[in-house]
Amino acid sequence: MSLLERVIHPDQTKLWYGEIPIQSRYTVGIAGERFFREIKENGRFWGTRCPSCDLIYVPPRLYCERCFAHLEEWVEVPTTGRVHTFTVVHLDLDGNLLPEPQVLAFVQLDGTDGGLVHYLGEVDPDEVCIGMCVEAVFKDAGERRGSITDILYFRPI
Amino acid sequence: MGRNRVAIVGAGMTKFVRRAQETGKEQAWEAASKALESCEMTLDDIDAVVIGSAPEAFDGLHMKTEYLSDGCGGWGKPVIRGFVGGGTGVFSAIQGWYHIASGLFDTVLVVAEEKMSSCQPHPQGAFITIFDHTTERPLGPNLLWIFALEMNAYMTRYGLSKRDIALVSVKNKRNAADHPAALLGDPHITVEDVLNSEVLAWPVQRLDVSPVTDGAVAIVMAAEHVARRVTSKPVWVEGVGWNLDTAYWTNRDLSYPTYVEEAARMAYKMAGITEPRKQIHIAEPYDPFDYKELHHLEGLLLFDEGKAAEATALGITQRDGDLPVCPSGGLLGVGNPIAAAALMKVAELFWQLRGEAGARQVPGQPKRGVAQAWGDLMQVSTVIVLGV
Amino acid sequence: MKEHVYDTVYLSEEDFTEGRVLFETWVPKARYAWDAGIAIGRYLAELKQGRLVGRHCPSCGRVMIPPRMFCEQCFAPTDLWVPLQDTGTVITFSICYIRWDMVRLEHPLIPAVIAIDGASPGMGILHLLGEVDPQVVRIGMRVRAVWKPPEEREGAITDIRYFKPLE
């Protein structure tokens, strides 16, 4: 058999199945710890401000990616924002049809230079539009664990 | 071939720890900002960024370069990531070198990062993928096999004992006691401690192995005209080399790393080194396992084949010996966040050659050093020669 | 140089288990179906028949195992399938007491690189040794494959259970 010879009987080709047995455990990090604790404990968003670049990062960062300064100025930011862009998702990760379409959006938070990717809820997918004003809806305080899923979704104001 | 002269002008690092709270990009920023601070430069002064990081699976991030880039100072800049397994840390410095030697850039920030603690239940889950998925992994291997098999071949070929090799672990963990970033420095460790540690995969025991580590290291590299402006003590890159052997590792002679020799010869030729044993004053070979230091010293042509253990027993490789080896404490002592560990070796030469290594300073004002890393399927070696 | 070291925040395992630090976990769906390919496909088919085979390079003359469709040294196609013996010589070995996830094994495994008879010198494969006291294994030991019975073979490297000493 040469390199150029073709497989004539595809049923004879051999597949070898395997997995890469890893799980990941991600710390939320130094800046993330404070961000997610505020969500968990107070249902609030905080960002970090870079005074020299005049930027407010949400989610907050430990450093400014532009000037590399250590960011130590923490500011509370609104839980409201505007839909910067969105998509309506009909399929799950394996390609199966979802029972209800999900609206996924990037929400630019008011008064900041950042925002969050999250679901939109309490809204007809056909009525979502770019520029729509939305607010975060949190889980009940007792159910929050310091995670992005402590926010149920954003809904129109 | 016309090449611009390149120097290292700054270095910084994080502490090496078993589990960092920092995210990978926060670790990268900590090291990178320390490196910039050390030479009083800012991100504005940097033309391009090189990122060194080992397999994605450790951090649990696909497209790790993109994720890490802002922490590495890559915002709005040309960014590249090189990857040659465990050889990555030294290779990232080589990439920084050719970015500048080629004339393309004047300044490069090189950042190596690893967050192995993210990988659960153990980074071995990612390491085992180095074995062929069809012909080897069904046998149930772990990473230690490959080291144990190589170590046994090396010991048997040259008639070395476990005790001969344990001396390396003792030396490096003791050296690391003087390193402010070290995870496993121990000034009191003895050969008996190593020989009595848990047998994992004979001949490999617990204290023959470097630890799973989180950490980041960064260096700033600059073209000659910038380097002379930035610092009065530039450390020049005199030679670089790298080489890969076949991926069919079971077909190779495991007792001698020919590819290390090839990489070293490439670097020595560039550096004009004809007698490495006289012209190199300090060495930081890759030591993820104690026997690897010996293996690599021989591949680097610093000792005859099978003779590095004897030199270690005679104290030649101690910090105050004729050829100090791993004065940093190496991977065995400082820790082994894969890519960052090897860039730590480059940073160590930078500090040693500038006389800034503090309690670890090698006496006699060393003028030239070699750092080397190793990895992939036991097949790659990366070598850099630095001098003042 | 202490001023050049950033004081990283280090955690203990208990910081996670006792909820002192926030974290997320993720289990990737990293399941793969790798094509065995031409050379290894045939290698596996031959294993199912209880045979080891290699490939010959017409340029350097090496007979190689594991088989490959090109010689990585000559960078030329290999040309012949060569039947090999199921005997060989231990090039190196280890006695391994832990599993891949660092859990201790009750009975140690003895992985070895075994140079296969009929292939060029030094051409080894990774496998296990069995039916042997770990204390008497040595480099240079002659060994033979112990095959699964034909009906249990599935075209895999594990169709050989292990290699055992010839004597």
# chains A, B, ... in the order shown; residues from 1 in each chain; ligands from 1
call {"tool": "closest_atom_pairs", "arguments": {"of": "chain B", "to": "chain C", "cutoff": "7 Å", "atoms": "only C-alpha atoms", "output": "CSV"}}
result
residue,atom,partner,partner_atom,distance
B:Gly12,CA,C:His4,CA,4.8
B:Met13,CA,C:Val5,CA,5.0
B:Thr14,CA,C:Tyr6,CA,4.4
B:Lys15,CA,C:Thr8,CA,5.5
B:Val17,CA,C:Tyr10,CA,6.1
B:Arg19,CA,C:Leu11,CA,5.3
B:Ala20,CA,C:Tyr10,CA,4.5
B:Gln21,CA,C:Val9,CA,5.5
B:Glu22,CA,C:Val9,CA,6.8
B:Glu30,CA,C:Tyr6,CA,6.0
B:Ala31,CA,C:Tyr6,CA,6.7
B:Lys34,CA,C:His4,CA,5.6
B:Ser38,CA,C:His4,CA,6.7
B:Pro121,CA,C:Asp101,CA,6.6
B:His122,CA,C:Asp101,CA,5.7
B:Gln124,CA,C:Trp100,CA,5.9
B:Gly125,CA,C:Asp101,CA,6.8
B:Thr134,CA,C:Ala36,CA,6.9
B:Thr135,CA,C:Ile157,CA,5.6
B:Glu136,CA,C:Leu126,CA,6.5
B:Pro138,CA,C:Thr158,CA,6.7
B:Leu139,CA,C:Thr158,CA,6.7
B:Pro141,CA,C:Trp100,CA,6.5
B:Asn142,CA,C:Trp100,CA,4.5
B:Trp145,CA,C:Ser94,CA,6.7
B:Ala148,CA,C:Ser94,CA,5.6
B:Leu149,CA,C:Phe93,CA,5.2
B:Asn152,CA,C:Thr92,CA,6.2
B:Ala153,CA,C:Thr92,CA,5.4
B:Pro180,CA,C:Lys2,CA,6.0
B:Ala181,CA,C:Val5,CA,6.4
B:Leu200,CA,C:Tyr97,CA,5.4
B:Ala201,CA,C:Cys96,CA,3.8
B:Trp202,CA,C:Ile95,CA,4.9
B:Pro203,CA,C:Ser94,CA,6.7
B:Thr250,CA,C:Gly124,CA,5.0
B:Asn251,CA,C:Met123,CA,4.5
B:Arg252,CA,C:Gly122,CA,6.9
B:Glu356,CA,C:Met1,CA,6.2
B:Ala357,CA,C:Met1,CA,6.1
B:Gly358,CA,C:Met1,CA,6.6
call {"tool": "residues_around", "arguments": {"residues": "Trp97 of chain B", "least_positions_apart": "5", "cutoff": "9 Å", "atoms": "only C-alpha atoms", "output": "list in words"}}
result
Arg5, Val6, Ala7, Ser92, Ser102, Val108, Met221, Ala222, Val237 and Val240 of chain B
call {"tool": "residues_around", "arguments": {"residues": "segment 104-106 of chain B", "least_positions_apart": "4", "cutoff": "10 Å", "atoms": "only C-alpha atoms", "output": "PyMOL selection string"}}
result
chain B and resi 4+6+45-48+78+96-100+221-227
call {"tool": "interface_residues", "arguments": {"of": "chain A", "to": "chain B", "cutoff": "6 Å", "atoms": "only C-alpha atoms", "output": "number ranges by chain"}}
result
A: 21-27, 29-30, 65
call {"tool": "residues_around", "arguments": {"residues": "segment 333-336 of chain B", "least_positions_apart": "3", "cutoff": "10 Å", "atoms": "only C-alpha atoms", "output": "PyMOL selection string"}}
result
chain B and resi 15-18+86+114+116+169-186+209-215+287-288+326+328-330+339-342+344
call {"tool": "interface_residues", "arguments": {"of": "chain A", "to": "chain C", "cutoff": "9 Å", "atoms": "only C-alpha atoms", "output": "PyMOL selection string"}}
result
chain A and resi 1-3+7+12-30+32-33+36-37+145-147
call {"tool": "write_last_selection", "arguments": {"atoms": "N, CA, C and O atoms", "output": "short mmCIF file (atom, residue, chain, number, x, y, z; two decimals), in the first residue's frame"}}
result
data_model
loop_
_atom_site.label_atom_id
_atom_site.label_comp_id
_atom_site.auth_asym_id
_atom_site.auth_seq_id
_atom_site.Cartn_x
_atom_site.Cartn_y
_atom_site.Cartn_z
N MET A 1 0.85 -1.20 0.00
CA MET A 1 0.00 0.00 0.00
C MET A 1 0.89 1.25 0.00
O MET A 1 1.86 1.34 0.73
N SER A 2 0.57 2.20 -0.82
CA SER A 2 1.35 3.44 -0.83
C SER A 2 0.57 4.53 -0.13
O SER A 2 -0.60 4.36 0.22
N LEU A 3 1.22 5.64 0.05
CA LEU A 3 0.57 6.76 0.71
C LEU A 3 -0.64 7.25 -0.07
O LEU A 3 -1.56 7.81 0.47
N VAL A 7 -8.72 4.28 0.67
CA VAL A 7 -9.50 3.29 1.41
C VAL A 7 -10.71 2.95 0.54
O VAL A 7 -11.51 3.82 0.20
N GLN A 12 -14.00 -0.75 6.87
CA GLN A 12 -12.82 -1.37 7.49
C GLN A 12 -11.91 -0.35 8.17
O GLN A 12 -10.92 -0.71 8.77
N THR A 13 -12.25 0.93 8.02
CA THR A 13 -11.41 1.91 8.69
C THR A 13 -11.65 1.79 10.19
O THR A 13 -12.73 1.40 10.63
N LYS A 14 -10.65 2.11 10.93
CA LYS A 14 -10.72 1.88 12.36
C LYS A 14 -10.70 3.22 13.09
O LYS A 14 -9.82 4.04 12.87
N LEU A 15 -11.66 3.40 13.94
CA LEU A 15 -11.66 4.59 14.80
C LEU A 15 -11.26 4.15 16.18
O LEU A 15 -11.61 3.06 16.62
N TRP A 16 -10.53 5.00 16.84
CA TRP A 16 -10.12 4.70 18.20
C TRP A 16 -10.74 5.76 19.10
O TRP A 16 -10.49 6.94 18.93
N TYR A 17 -11.58 5.34 20.03
CA TYR A 17 -12.29 6.29 20.88
C TYR A 17 -11.51 6.55 22.17
O TYR A 17 -10.91 5.63 22.72
N GLY A 18 -11.55 7.78 22.61
CA GLY A 18 -10.88 8.08 23.86
C GLY A 18 -11.30 9.43 24.40
O GLY A 18 -12.00 10.19 23.73
N GLU A 19 -10.88 9.68 25.60
CA GLU A 19 -11.22 10.95 26.25
C GLU A 19 -9.96 11.56 26.82
O GLU A 19 -8.97 10.87 27.02
N ILE A 20 -10.03 12.84 27.08
CA ILE A 20 -8.97 13.49 27.84
C ILE A 20 -9.56 13.74 29.23
O ILE A 20 -10.48 14.55 29.37
N PRO A 21 -9.12 12.98 30.21
CA PRO A 21 -9.80 12.96 31.51
C PRO A 21 -9.45 14.15 32.39
O PRO A 21 -8.77 14.02 33.40
N ILE A 22 -9.92 15.31 31.98
CA ILE A 22 -9.63 16.47 32.81
C ILE A 22 -10.92 17.17 33.20
O ILE A 22 -11.91 17.13 32.48
N GLN A 23 -10.88 17.80 34.36
CA GLN A 23 -11.92 18.72 34.78
C GLN A 23 -11.17 19.99 35.17
O GLN A 23 -10.03 19.92 35.59
N SER A 24 -11.85 21.10 35.03
CA SER A 24 -11.17 22.34 35.38
C SER A 24 -11.81 22.95 36.61
O SER A 24 -13.03 22.88 36.78
N ARG A 25 -10.97 23.53 37.45
CA ARG A 25 -11.47 24.27 38.61
C ARG A 25 -10.84 25.65 38.54
O ARG A 25 -9.64 25.80 38.73
N TYR A 26 -11.66 26.62 38.22
CA TYR A 26 -11.15 27.97 37.99
C TYR A 26 -11.40 28.84 39.23
O TYR A 26 -12.55 29.01 39.64
N THR A 27 -10.35 29.42 39.78
CA THR A 27 -10.57 30.47 40.78
C THR A 27 -11.12 31.68 40.02
O THR A 27 -10.80 31.87 38.84
N VAL A 28 -11.93 32.48 40.68
CA VAL A 28 -12.44 33.65 39.98
C VAL A 28 -11.41 34.78 39.98
O VAL A 28 -11.57 35.76 39.28
N GLY A 29 -10.37 34.62 40.77
CA GLY A 29 -9.26 35.57 40.74
C GLY A 29 -9.39 36.66 41.79
O GLY A 29 -10.35 36.71 42.56
N ILE A 30 -8.41 37.54 41.80
CA ILE A 30 -8.35 38.59 42.82
C ILE A 30 -9.47 39.60 42.60
O ILE A 30 -10.25 39.91 43.51
N GLY A 32 -12.05 39.16 40.54
CA GLY A 32 -13.31 38.42 40.44
C GLY A 32 -13.90 38.07 41.80
O GLY A 32 -15.11 38.03 41.98
N GLU A 33 -13.02 37.84 42.78
CA GLU A 33 -13.49 37.48 44.11
C GLU A 33 -14.40 38.59 44.66
O GLU A 33 -15.49 38.33 45.18
N PHE A 36 -17.80 38.96 42.43
CA PHE A 36 -18.83 37.93 42.64
C PHE A 36 -19.35 37.92 44.08
O PHE A 36 -20.49 37.56 44.33
N ARG A 37 -18.51 38.35 45.04
CA ARG A 37 -19.00 38.44 46.42
C ARG A 37 -20.06 39.55 46.53
O ARG A 37 -21.04 39.41 47.27
N ARG A 145 -24.56 32.00 44.97
CA ARG A 145 -23.34 31.33 45.43
C ARG A 145 -22.06 32.04 44.97
O ARG A 145 -20.95 31.54 45.17
N GLY A 146 -22.22 33.22 44.37
CA GLY A 146 -21.03 33.94 43.90
C GLY A 146 -20.63 33.47 42.52
O GLY A 146 -19.49 33.03 42.30
N SER A 147 -21.58 33.57 41.59
CA SER A 147 -21.36 33.05 40.24
C SER A 147 -22.14 33.91 39.26
O SER A 147 -23.10 34.59 39.63
#
call {"tool": "residues_around", "arguments": {"residues": "Glu238 of chain B", "least_positions_apart": "3", "cutoff": "6 Å", "atoms": "only C-alpha atoms", "output": "number ranges by chain"}}
result
B: 271, 385-386
call {"tool": "write_last_selection", "arguments": {"atoms": "N, CA, C and O atoms", "output": "short mmCIF file (atom, residue, chain, number, x, y, z; two decimals), in the first residue's frame"}}
result
data_model
loop_
_atom_site.label_atom_id
_atom_site.label_comp_id
_atom_site.auth_asym_id
_atom_site.auth_seq_id
_atom_site.Cartn_x
_atom_site.Cartn_y
_atom_site.Cartn_z
N ALA B 271 27.31 31.58 19.45
CA ALA B 271 27.96 32.36 20.51
C ALA B 271 29.49 32.33 20.39
O ALA B 271 30.19 32.96 21.19
N VAL B 385 22.20 31.00 25.26
CA VAL B 385 23.46 31.40 25.91
C VAL B 385 23.40 32.91 26.13
O VAL B 385 23.14 33.67 25.20
N LEU B 386 23.61 33.31 27.37
CA LEU B 386 23.60 34.73 27.71
C LEU B 386 24.98 35.14 28.22
O LEU B 386 25.69 34.33 28.81
#
